[in-house]
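Below is the file structure-v6.cif, which contains mmCIF, N, CA and C atoms.
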data_protein
#
loop_
_atom_site.label_atom_id
_atom_site.label_comp_id
_atom_site.auth_asym_id
_atom_site.auth_seq_id
_atom_site.Cartn_x
_atom_site.Cartn_y
_atom_site.Cartn_z
N MET L 1 -131.42 4.42 210.14
CA MET L 1 -132.83 4.59 210.36
C MET L 1 -133.01 5.23 211.73
N LYS L 2 -133.87 6.25 211.78
CA LYS L 2 -134.08 6.96 213.04
C LYS L 2 -135.54 7.38 213.16
N LEU L 3 -136.08 7.23 214.37
CA LEU L 3 -137.45 7.64 214.65
C LEU L 3 -137.46 9.14 214.95
N GLN L 4 -138.16 9.91 214.12
CA GLN L 4 -138.20 11.37 214.27
C GLN L 4 -139.37 11.84 215.12
N LEU L 5 -140.50 11.12 215.02
CA LEU L 5 -141.71 11.49 215.75
C LEU L 5 -142.50 10.21 216.01
N PHE L 6 -143.02 10.10 217.25
CA PHE L 6 -143.79 8.91 217.62
C PHE L 6 -144.68 9.31 218.77
N LEU L 7 -145.99 9.44 218.53
CA LEU L 7 -146.90 9.84 219.61
C LEU L 7 -148.29 9.30 219.41
N LEU L 8 -149.04 9.31 220.51
CA LEU L 8 -150.40 8.78 220.61
C LEU L 8 -151.36 9.95 220.80
N ALA L 9 -152.47 9.95 220.07
CA ALA L 9 -153.44 11.05 220.18
C ALA L 9 -154.84 10.54 219.88
N ASP L 10 -155.82 11.42 220.16
CA ASP L 10 -157.21 11.10 219.86
C ASP L 10 -157.48 11.06 218.36
N PHE L 11 -156.80 11.95 217.62
CA PHE L 11 -157.03 12.01 216.18
C PHE L 11 -155.77 12.53 215.50
N ILE L 12 -155.39 11.87 214.40
CA ILE L 12 -154.24 12.30 213.60
C ILE L 12 -154.60 12.07 212.14
N ASN L 13 -154.32 13.06 211.30
CA ASN L 13 -154.45 12.84 209.86
C ASN L 13 -153.40 13.67 209.14
N MET L 14 -153.23 13.34 207.86
CA MET L 14 -152.32 14.09 207.00
C MET L 14 -153.13 14.66 205.85
N ALA L 15 -152.95 15.96 205.60
CA ALA L 15 -153.64 16.62 204.50
C ALA L 15 -152.72 17.68 203.92
N ASP L 16 -152.59 17.68 202.61
CA ASP L 16 -151.77 18.67 201.91
C ASP L 16 -150.35 18.73 202.47
N GLY L 17 -149.79 17.58 202.82
CA GLY L 17 -148.43 17.51 203.33
C GLY L 17 -148.27 17.95 204.77
N LYS L 18 -149.39 18.21 205.44
CA LYS L 18 -149.33 18.64 206.85
C LYS L 18 -149.87 17.54 207.74
N LEU L 19 -149.25 17.41 208.90
CA LEU L 19 -149.67 16.45 209.90
C LEU L 19 -150.51 17.17 210.94
N ASN L 20 -151.76 16.73 211.13
CA ASN L 20 -152.68 17.34 212.08
C ASN L 20 -152.87 16.40 213.26
N ILE L 21 -152.56 16.90 214.46
CA ILE L 21 -152.61 16.08 215.68
C ILE L 21 -153.54 16.76 216.69
N ILE L 22 -154.53 16.00 217.18
CA ILE L 22 -155.47 16.54 218.16
C ILE L 22 -155.50 15.60 219.37
N GLY L 23 -155.26 16.16 220.54
CA GLY L 23 -155.45 15.44 221.79
C GLY L 23 -154.40 14.39 222.11
N GLU L 24 -153.13 14.76 222.14
CA GLU L 24 -152.07 13.81 222.54
C GLU L 24 -152.31 13.39 223.99
N PHE L 25 -152.13 12.09 224.27
CA PHE L 25 -152.37 11.61 225.64
C PHE L 25 -151.50 10.40 225.95
N ASP L 26 -151.42 10.05 227.24
CA ASP L 26 -150.72 8.84 227.66
C ASP L 26 -151.49 8.07 228.73
N THR L 27 -152.70 8.56 229.07
CA THR L 27 -153.51 7.91 230.10
C THR L 27 -154.97 7.84 229.66
N ILE L 28 -155.59 6.71 229.88
CA ILE L 28 -157.02 6.54 229.69
C ILE L 28 -157.62 6.35 231.08
N TRP L 29 -158.53 7.24 231.45
CA TRP L 29 -159.21 7.16 232.75
C TRP L 29 -160.57 6.50 232.55
N SER L 30 -160.95 5.63 233.49
CA SER L 30 -162.25 4.98 233.38
C SER L 30 -162.89 4.86 234.76
N ASP L 31 -164.22 4.95 234.77
CA ASP L 31 -164.97 4.77 236.01
C ASP L 31 -165.21 3.30 236.32
N ASN L 32 -165.09 2.44 235.29
CA ASN L 32 -165.26 1.00 235.48
C ASN L 32 -164.60 0.24 234.33
N PHE L 33 -164.49 -1.06 234.51
CA PHE L 33 -163.87 -1.92 233.50
C PHE L 33 -164.79 -3.08 233.19
N PRO L 34 -164.74 -3.60 231.97
CA PRO L 34 -163.85 -3.18 230.89
C PRO L 34 -164.25 -1.82 230.33
N VAL L 35 -163.29 -1.17 229.67
CA VAL L 35 -163.54 0.12 229.06
C VAL L 35 -163.15 0.04 227.58
N ARG L 36 -163.96 0.66 226.75
CA ARG L 36 -163.69 0.71 225.31
C ARG L 36 -163.27 2.14 224.95
N HIS L 37 -162.13 2.26 224.29
CA HIS L 37 -161.67 3.58 223.82
C HIS L 37 -161.99 3.66 222.34
N HIS L 38 -162.81 4.63 221.95
CA HIS L 38 -163.38 4.67 220.60
C HIS L 38 -162.33 4.80 219.51
N LEU L 39 -161.29 5.61 219.69
CA LEU L 39 -160.28 5.79 218.64
C LEU L 39 -158.96 6.23 219.26
N MET L 40 -157.91 5.53 218.89
CA MET L 40 -156.55 5.92 219.24
C MET L 40 -155.76 5.98 217.95
N CYS L 41 -155.01 7.05 217.78
CA CYS L 41 -154.18 7.21 216.59
C CYS L 41 -152.73 7.37 217.01
N ILE L 42 -151.85 6.77 216.25
CA ILE L 42 -150.42 6.89 216.51
C ILE L 42 -149.75 7.29 215.22
N VAL L 43 -148.85 8.26 215.32
CA VAL L 43 -148.07 8.65 214.16
C VAL L 43 -146.62 8.26 214.40
N ALA L 44 -146.02 7.71 213.36
CA ALA L 44 -144.59 7.38 213.38
C ALA L 44 -143.96 8.02 212.15
N LYS L 45 -142.95 8.82 212.39
CA LYS L 45 -142.19 9.45 211.31
C LYS L 45 -140.77 8.93 211.40
N ILE L 46 -140.34 8.23 210.36
CA ILE L 46 -139.05 7.55 210.36
C ILE L 46 -138.20 8.12 209.23
N SER L 47 -136.93 8.40 209.54
CA SER L 47 -135.99 8.77 208.48
C SER L 47 -135.12 7.56 208.18
N PHE L 48 -134.98 7.27 206.91
CA PHE L 48 -134.14 6.15 206.46
C PHE L 48 -132.87 6.71 205.85
N ASP L 49 -131.77 6.00 206.03
CA ASP L 49 -130.51 6.43 205.44
C ASP L 49 -130.13 5.51 204.29
N SER L 50 -128.97 5.73 203.73
CA SER L 50 -128.57 5.04 202.50
C SER L 50 -128.50 3.52 202.66
N ASP L 51 -128.26 3.03 203.86
CA ASP L 51 -128.23 1.57 204.08
C ASP L 51 -129.59 0.93 203.84
N ASP L 52 -130.66 1.71 203.95
CA ASP L 52 -132.02 1.19 203.80
C ASP L 52 -132.59 1.34 202.40
N PHE L 53 -131.97 2.20 201.56
CA PHE L 53 -132.52 2.49 200.23
C PHE L 53 -132.60 1.22 199.38
N GLY L 54 -133.72 1.08 198.67
CA GLY L 54 -133.91 -0.05 197.78
C GLY L 54 -134.29 -1.34 198.49
N ARG L 55 -134.67 -1.25 199.75
CA ARG L 55 -135.03 -2.44 200.52
C ARG L 55 -136.46 -2.35 201.02
N ASN L 56 -137.05 -3.51 201.26
CA ASN L 56 -138.34 -3.59 201.92
C ASN L 56 -138.12 -3.63 203.42
N LYS L 57 -138.98 -2.92 204.15
CA LYS L 57 -138.95 -2.93 205.61
C LYS L 57 -140.34 -3.32 206.10
N THR L 58 -140.38 -4.14 207.14
CA THR L 58 -141.64 -4.46 207.79
C THR L 58 -141.80 -3.51 208.96
N ILE L 59 -142.80 -2.65 208.89
CA ILE L 59 -143.09 -1.69 209.96
C ILE L 59 -144.21 -2.31 210.80
N LYS L 60 -143.93 -2.50 212.08
CA LYS L 60 -144.88 -3.20 212.95
C LYS L 60 -145.10 -2.40 214.23
N LEU L 61 -146.36 -2.26 214.62
CA LEU L 61 -146.73 -1.59 215.87
C LEU L 61 -147.48 -2.60 216.73
N LEU L 62 -146.99 -2.79 217.96
CA LEU L 62 -147.62 -3.71 218.90
C LEU L 62 -148.07 -2.96 220.13
N LEU L 63 -149.26 -3.31 220.64
CA LEU L 63 -149.70 -2.86 221.95
C LEU L 63 -149.57 -4.06 222.87
N ILE L 64 -148.77 -3.90 223.94
CA ILE L 64 -148.58 -4.99 224.88
C ILE L 64 -148.99 -4.53 226.27
N ASP L 65 -149.39 -5.49 227.10
CA ASP L 65 -149.74 -5.15 228.48
C ASP L 65 -148.51 -5.29 229.36
N GLU L 66 -148.69 -5.08 230.66
CA GLU L 66 -147.55 -5.08 231.58
C GLU L 66 -146.89 -6.45 231.73
N GLU L 67 -147.57 -7.50 231.27
CA GLU L 67 -147.00 -8.84 231.31
C GLU L 67 -146.37 -9.23 229.97
N GLY L 68 -146.37 -8.30 229.02
CA GLY L 68 -145.78 -8.56 227.72
C GLY L 68 -146.70 -9.26 226.74
N ILE L 69 -147.98 -9.37 227.10
CA ILE L 69 -148.95 -10.04 226.22
C ILE L 69 -149.40 -9.07 225.14
N GLU L 70 -149.37 -9.54 223.90
CA GLU L 70 -149.76 -8.72 222.75
C GLU L 70 -151.28 -8.56 222.71
N LEU L 71 -151.75 -7.30 222.74
CA LEU L 71 -153.18 -7.02 222.72
C LEU L 71 -153.66 -6.59 221.33
N MET L 72 -152.82 -5.84 220.62
CA MET L 72 -153.17 -5.36 219.29
C MET L 72 -151.91 -5.29 218.45
N LYS L 73 -152.10 -5.42 217.13
CA LYS L 73 -150.96 -5.41 216.22
C LYS L 73 -151.37 -4.80 214.89
N SER L 74 -150.48 -3.99 214.34
CA SER L 74 -150.64 -3.48 212.99
C SER L 74 -149.29 -3.62 212.29
N GLU L 75 -149.32 -4.15 211.09
CA GLU L 75 -148.07 -4.43 210.38
C GLU L 75 -148.25 -4.14 208.90
N ARG L 76 -147.18 -3.59 208.30
CA ARG L 76 -147.23 -3.38 206.85
C ARG L 76 -145.82 -3.39 206.29
N GLU L 77 -145.74 -3.71 205.02
CA GLU L 77 -144.47 -3.68 204.30
C GLU L 77 -144.29 -2.30 203.68
N TYR L 78 -143.06 -1.82 203.71
CA TYR L 78 -142.76 -0.52 203.10
C TYR L 78 -141.46 -0.63 202.32
N TYR L 79 -141.51 -0.23 201.05
CA TYR L 79 -140.31 -0.19 200.21
C TYR L 79 -139.67 1.18 200.36
N VAL L 80 -138.40 1.21 200.74
CA VAL L 80 -137.67 2.47 200.92
C VAL L 80 -137.04 2.84 199.58
N PRO L 81 -137.59 3.86 198.90
CA PRO L 81 -137.05 4.21 197.59
C PRO L 81 -135.75 5.01 197.69
N GLN L 82 -135.05 5.11 196.58
CA GLN L 82 -133.89 5.99 196.50
C GLN L 82 -134.40 7.43 196.54
N PRO L 83 -133.83 8.27 197.42
CA PRO L 83 -134.28 9.66 197.47
C PRO L 83 -133.79 10.45 196.26
N ASN L 84 -134.46 11.56 195.99
CA ASN L 84 -134.08 12.42 194.87
C ASN L 84 -132.94 13.36 195.20
N SER L 85 -132.53 13.40 196.46
CA SER L 85 -131.46 14.29 196.89
C SER L 85 -130.60 13.57 197.92
N ASP L 86 -129.63 14.28 198.48
CA ASP L 86 -128.76 13.71 199.50
C ASP L 86 -129.41 13.64 200.87
N SER L 87 -130.59 14.23 201.01
CA SER L 87 -131.26 14.22 202.31
C SER L 87 -131.87 12.84 202.56
N PRO L 88 -132.04 12.48 203.84
CA PRO L 88 -132.62 11.16 204.15
C PRO L 88 -134.07 11.07 203.69
N HIS L 89 -134.50 9.86 203.42
CA HIS L 89 -135.89 9.63 203.01
C HIS L 89 -136.76 9.57 204.26
N MET L 90 -137.84 10.35 204.27
CA MET L 90 -138.76 10.38 205.42
C MET L 90 -140.02 9.58 205.09
N TYR L 91 -140.47 8.80 206.05
CA TYR L 91 -141.69 8.01 205.91
C TYR L 91 -142.58 8.31 207.11
N THR L 92 -143.81 8.73 206.86
CA THR L 92 -144.77 9.03 207.93
C THR L 92 -145.96 8.11 207.76
N HIS L 93 -146.34 7.45 208.85
CA HIS L 93 -147.49 6.56 208.81
C HIS L 93 -148.37 6.81 210.03
N VAL L 94 -149.68 6.84 209.81
CA VAL L 94 -150.64 7.00 210.90
C VAL L 94 -151.36 5.66 211.09
N PHE L 95 -151.29 5.15 212.30
CA PHE L 95 -151.98 3.91 212.68
C PHE L 95 -153.26 4.31 213.41
N ASN L 96 -154.38 3.67 213.07
CA ASN L 96 -155.65 3.93 213.74
C ASN L 96 -156.14 2.65 214.40
N PHE L 97 -156.46 2.76 215.68
CA PHE L 97 -157.02 1.63 216.42
C PHE L 97 -158.43 2.03 216.87
N VAL L 98 -159.41 1.31 216.38
CA VAL L 98 -160.82 1.63 216.66
C VAL L 98 -161.38 0.60 217.64
N GLY L 99 -162.02 1.10 218.71
CA GLY L 99 -162.73 0.24 219.64
C GLY L 99 -161.86 -0.64 220.51
N ALA L 100 -160.70 -0.16 220.91
CA ALA L 100 -159.82 -0.96 221.77
C ALA L 100 -160.49 -1.17 223.13
N VAL L 101 -160.46 -2.40 223.61
CA VAL L 101 -161.06 -2.73 224.89
C VAL L 101 -159.96 -3.08 225.89
N PHE L 102 -160.04 -2.45 227.06
CA PHE L 102 -159.11 -2.72 228.14
C PHE L 102 -159.90 -3.33 229.29
N LYS L 103 -159.46 -4.51 229.73
CA LYS L 103 -160.22 -5.29 230.72
C LYS L 103 -160.02 -4.82 232.15
N HIS L 104 -158.88 -4.19 232.42
CA HIS L 104 -158.58 -3.76 233.79
C HIS L 104 -157.54 -2.65 233.76
N SER L 105 -157.35 -2.05 234.91
CA SER L 105 -156.35 -1.01 235.08
C SER L 105 -154.97 -1.62 234.95
N ALA L 106 -154.11 -1.02 234.11
CA ALA L 106 -152.77 -1.57 233.90
C ALA L 106 -151.92 -0.59 233.10
N GLN L 107 -150.62 -0.85 233.12
CA GLN L 107 -149.70 -0.11 232.27
C GLN L 107 -149.52 -0.88 230.98
N HIS L 108 -149.64 -0.18 229.87
CA HIS L 108 -149.47 -0.78 228.56
C HIS L 108 -148.36 -0.03 227.83
N GLN L 109 -148.00 -0.57 226.67
CA GLN L 109 -146.94 0.07 225.90
C GLN L 109 -147.12 -0.23 224.42
N PHE L 110 -146.97 0.80 223.60
CA PHE L 110 -146.90 0.63 222.16
C PHE L 110 -145.43 0.53 221.77
N ASN L 111 -145.07 -0.52 221.05
CA ASN L 111 -143.70 -0.69 220.56
C ASN L 111 -143.71 -0.65 219.04
N LEU L 112 -142.80 0.14 218.47
CA LEU L 112 -142.68 0.27 217.03
C LEU L 112 -141.39 -0.41 216.57
N TYR L 113 -141.54 -1.27 215.57
CA TYR L 113 -140.41 -2.01 215.01
C TYR L 113 -140.28 -1.74 213.52
N ALA L 114 -139.04 -1.72 213.06
CA ALA L 114 -138.74 -1.80 211.63
C ALA L 114 -137.96 -3.10 211.48
N ASP L 115 -138.53 -4.05 210.75
CA ASP L 115 -138.06 -5.43 210.77
C ASP L 115 -138.06 -5.88 212.23
N GLU L 116 -136.96 -6.31 212.76
CA GLU L 116 -136.96 -6.76 214.17
C GLU L 116 -136.33 -5.72 215.10
N ASP L 117 -136.00 -4.54 214.57
CA ASP L 117 -135.36 -3.51 215.37
C ASP L 117 -136.40 -2.64 216.06
N LEU L 118 -136.32 -2.54 217.40
CA LEU L 118 -137.21 -1.67 218.15
C LEU L 118 -136.78 -0.23 217.93
N LEU L 119 -137.70 0.59 217.38
CA LEU L 119 -137.39 1.99 217.11
C LEU L 119 -137.81 2.90 218.26
N GLY L 120 -138.90 2.54 218.96
CA GLY L 120 -139.37 3.39 220.04
C GLY L 120 -140.57 2.79 220.75
N SER L 121 -140.90 3.39 221.90
CA SER L 121 -142.02 2.93 222.72
C SER L 121 -142.80 4.12 223.24
N ILE L 122 -144.11 3.92 223.40
CA ILE L 122 -144.98 4.93 223.99
C ILE L 122 -145.72 4.25 225.14
N PRO L 123 -145.62 4.78 226.36
CA PRO L 123 -146.39 4.21 227.47
C PRO L 123 -147.85 4.62 227.37
N LEU L 124 -148.74 3.72 227.78
CA LEU L 124 -150.16 4.01 227.85
C LEU L 124 -150.67 3.44 229.16
N ASN L 125 -151.10 4.31 230.05
CA ASN L 125 -151.64 3.88 231.34
C ASN L 125 -153.16 3.87 231.26
N VAL L 126 -153.75 2.77 231.70
CA VAL L 126 -155.19 2.65 231.79
C VAL L 126 -155.51 2.59 233.28
N VAL L 127 -156.26 3.60 233.76
CA VAL L 127 -156.38 3.84 235.20
C VAL L 127 -157.84 3.94 235.62
N LEU L 128 -158.15 3.33 236.76
CA LEU L 128 -159.47 3.48 237.36
C LEU L 128 -159.55 4.85 238.02
N ARG L 129 -160.54 5.61 237.62
CA ARG L 129 -160.75 6.94 238.20
C ARG L 129 -161.30 6.78 239.61
N GLU L 130 -160.65 7.41 240.55
CA GLU L 130 -161.13 7.36 241.92
C GLU L 130 -162.23 8.39 242.10
N THR L 131 -163.32 7.95 242.67
CA THR L 131 -164.43 8.88 242.91
C THR L 131 -164.41 9.29 244.37
N THR L 132 -164.74 10.51 244.58
CA THR L 132 -164.77 11.06 245.94
C THR L 132 -166.23 11.33 246.31
N THR L 133 -166.62 10.82 247.45
CA THR L 133 -167.96 11.10 247.93
C THR L 133 -167.85 12.12 249.09
N TYR L 134 -168.72 13.07 249.07
CA TYR L 134 -168.71 14.12 250.07
C TYR L 134 -169.86 13.89 251.05
N LYS L 135 -169.57 14.05 252.31
CA LYS L 135 -170.62 13.93 253.33
C LYS L 135 -170.82 15.29 253.97
N ASP L 136 -172.06 15.60 254.23
CA ASP L 136 -172.38 16.88 254.90
C ASP L 136 -172.19 16.76 256.39
#

Using structure tokens, write down the structure from this file.
Amino acid sequence: MKLQLFLLADFINMADGKLNIIGEFDTIWSDNFPVRHHLMCIVAKISFDSDDFGRNKTIKLLLIDEEGIELMKSEREYYVPQPNSDSPHMYTHVFNFVGAVFKHSAQHQFNLYADEDLLGSIPLNVVLRETTTYKD
């Protein structure tokens, strides 16, 4: 099993076998806290090999803060079918998080698991925007 693609963006969808990604990012800037981010999308593209064929896998995405506290979670079961050819089986899933609230400036991380195996991580920084005042 190998993670082929894993990223965070403003919008991701799949249509006609194509993956559409708009606005990849790793930082949320805010003038004050708490801040609500209207939509975050994450795509994970995983290739499975013959050891995984015919098995169920639990695909889990966690958002954790810098202290390791779980803020958000998405989990689903996926059955890895036998492929029609010798090529590995590819699985693409888009996770959507609507209305995420961040209470303060901090470093966060999305962790992707298949069963209990960590496949990859995406950093997400939530930062207070510094304002500059100009004097004449």

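When you apply the PyMOL selection byres (((chain L and resi 118-123 and name CA) around 7) and name CA) to this structure, what comes back is Leu3, Leu7, Asp26, His108, Gln109, Phe110, Asn111, Leu112, Tyr113, Ala114, Glu116, Asp117, Leu124 and Asn125 of chain L.
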
**Report entry** Distance in Å - atom CA of L:Val35 versus atom CA of L:Val126
**Finding:** 9.1 Å

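Ranking L:His38, L:Phe33, L:Lys60, L:Lys18 by their shortest atom-to-atom distance to L:Gly99, with only C-alpha atoms included, puts L:His38 first.
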
Query - Explicit residue set for the PyMOL selection byres ((chain L and resi 101) around 7), as a VMD selection string - result: chain L and resid 34 to 37 98 to 100 102 to 104

Query - Residues flagged strand (DSSP E) by DSSP in chain L, as a PyMOL selection string - result: chain L and resi 2-15+18-24+27-30+35-48+55-64+70-80+89-102+106-114+117-128

Report task. Please indicate the distance in Å from atom C of L:Asn13 to atom CA of L:Phe25, rounded to one decimal place. Result ->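 If I compute the distance from atom C of L:Asn13 to atom CA of L:Phe25, I get 16.7 Å.
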
Report summary line: Expressed in Å, the length from atom N of L:Tyr79 to atom N of L:Asn56 is 5.5 Å

Requested in this report: Would you translate the PyMOL selection byres ((chain L and resi 81) around 7) into the concrete set of residues it matches in this file, as a PyMOL selection string?
Outcome: chain L and resi 52-55+78-80+82-84

Query - From L:Ser74, L:Asn32, L:Asn96, L:Gln107, residue lying nearest L:Leu62 [only C-alpha atoms] - result: L:Ser74

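Minimum atom-to-atom distance to L:Trp29, evaluated using only C-alpha atoms, belongs to L:Ala106 out of L:Phe11, L:Ala106, L:Phe48, L:Asp115.
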
**Report entry** Residue contacts of L:Glu77 (5 Å, only N, CA and C atoms) excluding same-chain residues fewer than 2 positions away, as a ChimeraX atom specification
**Finding:** /L:57-59,75,79

Query raised in the report: With only C-alpha atoms as the basis for distance, which of L:Ile64, L:Leu128, L:Ile21, L:Ile28 is at the shortest distance from L:Phe6?
Result: L:Ile21

Query raised in the report: Using only N, CA and C atoms, which of the listed residues (L:Cys41, L:Val127, L:Val94, L:Leu63) sits closest to L:Met14?
Result: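 The closest residue to L:Met14 is L:Val94.
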
Report summary line: Of L:Ser105, L:Ser30, L:Asn20, L:Ser47, the one nearest to L:Thr92 when counting all atoms listed in the file is L:Ser47
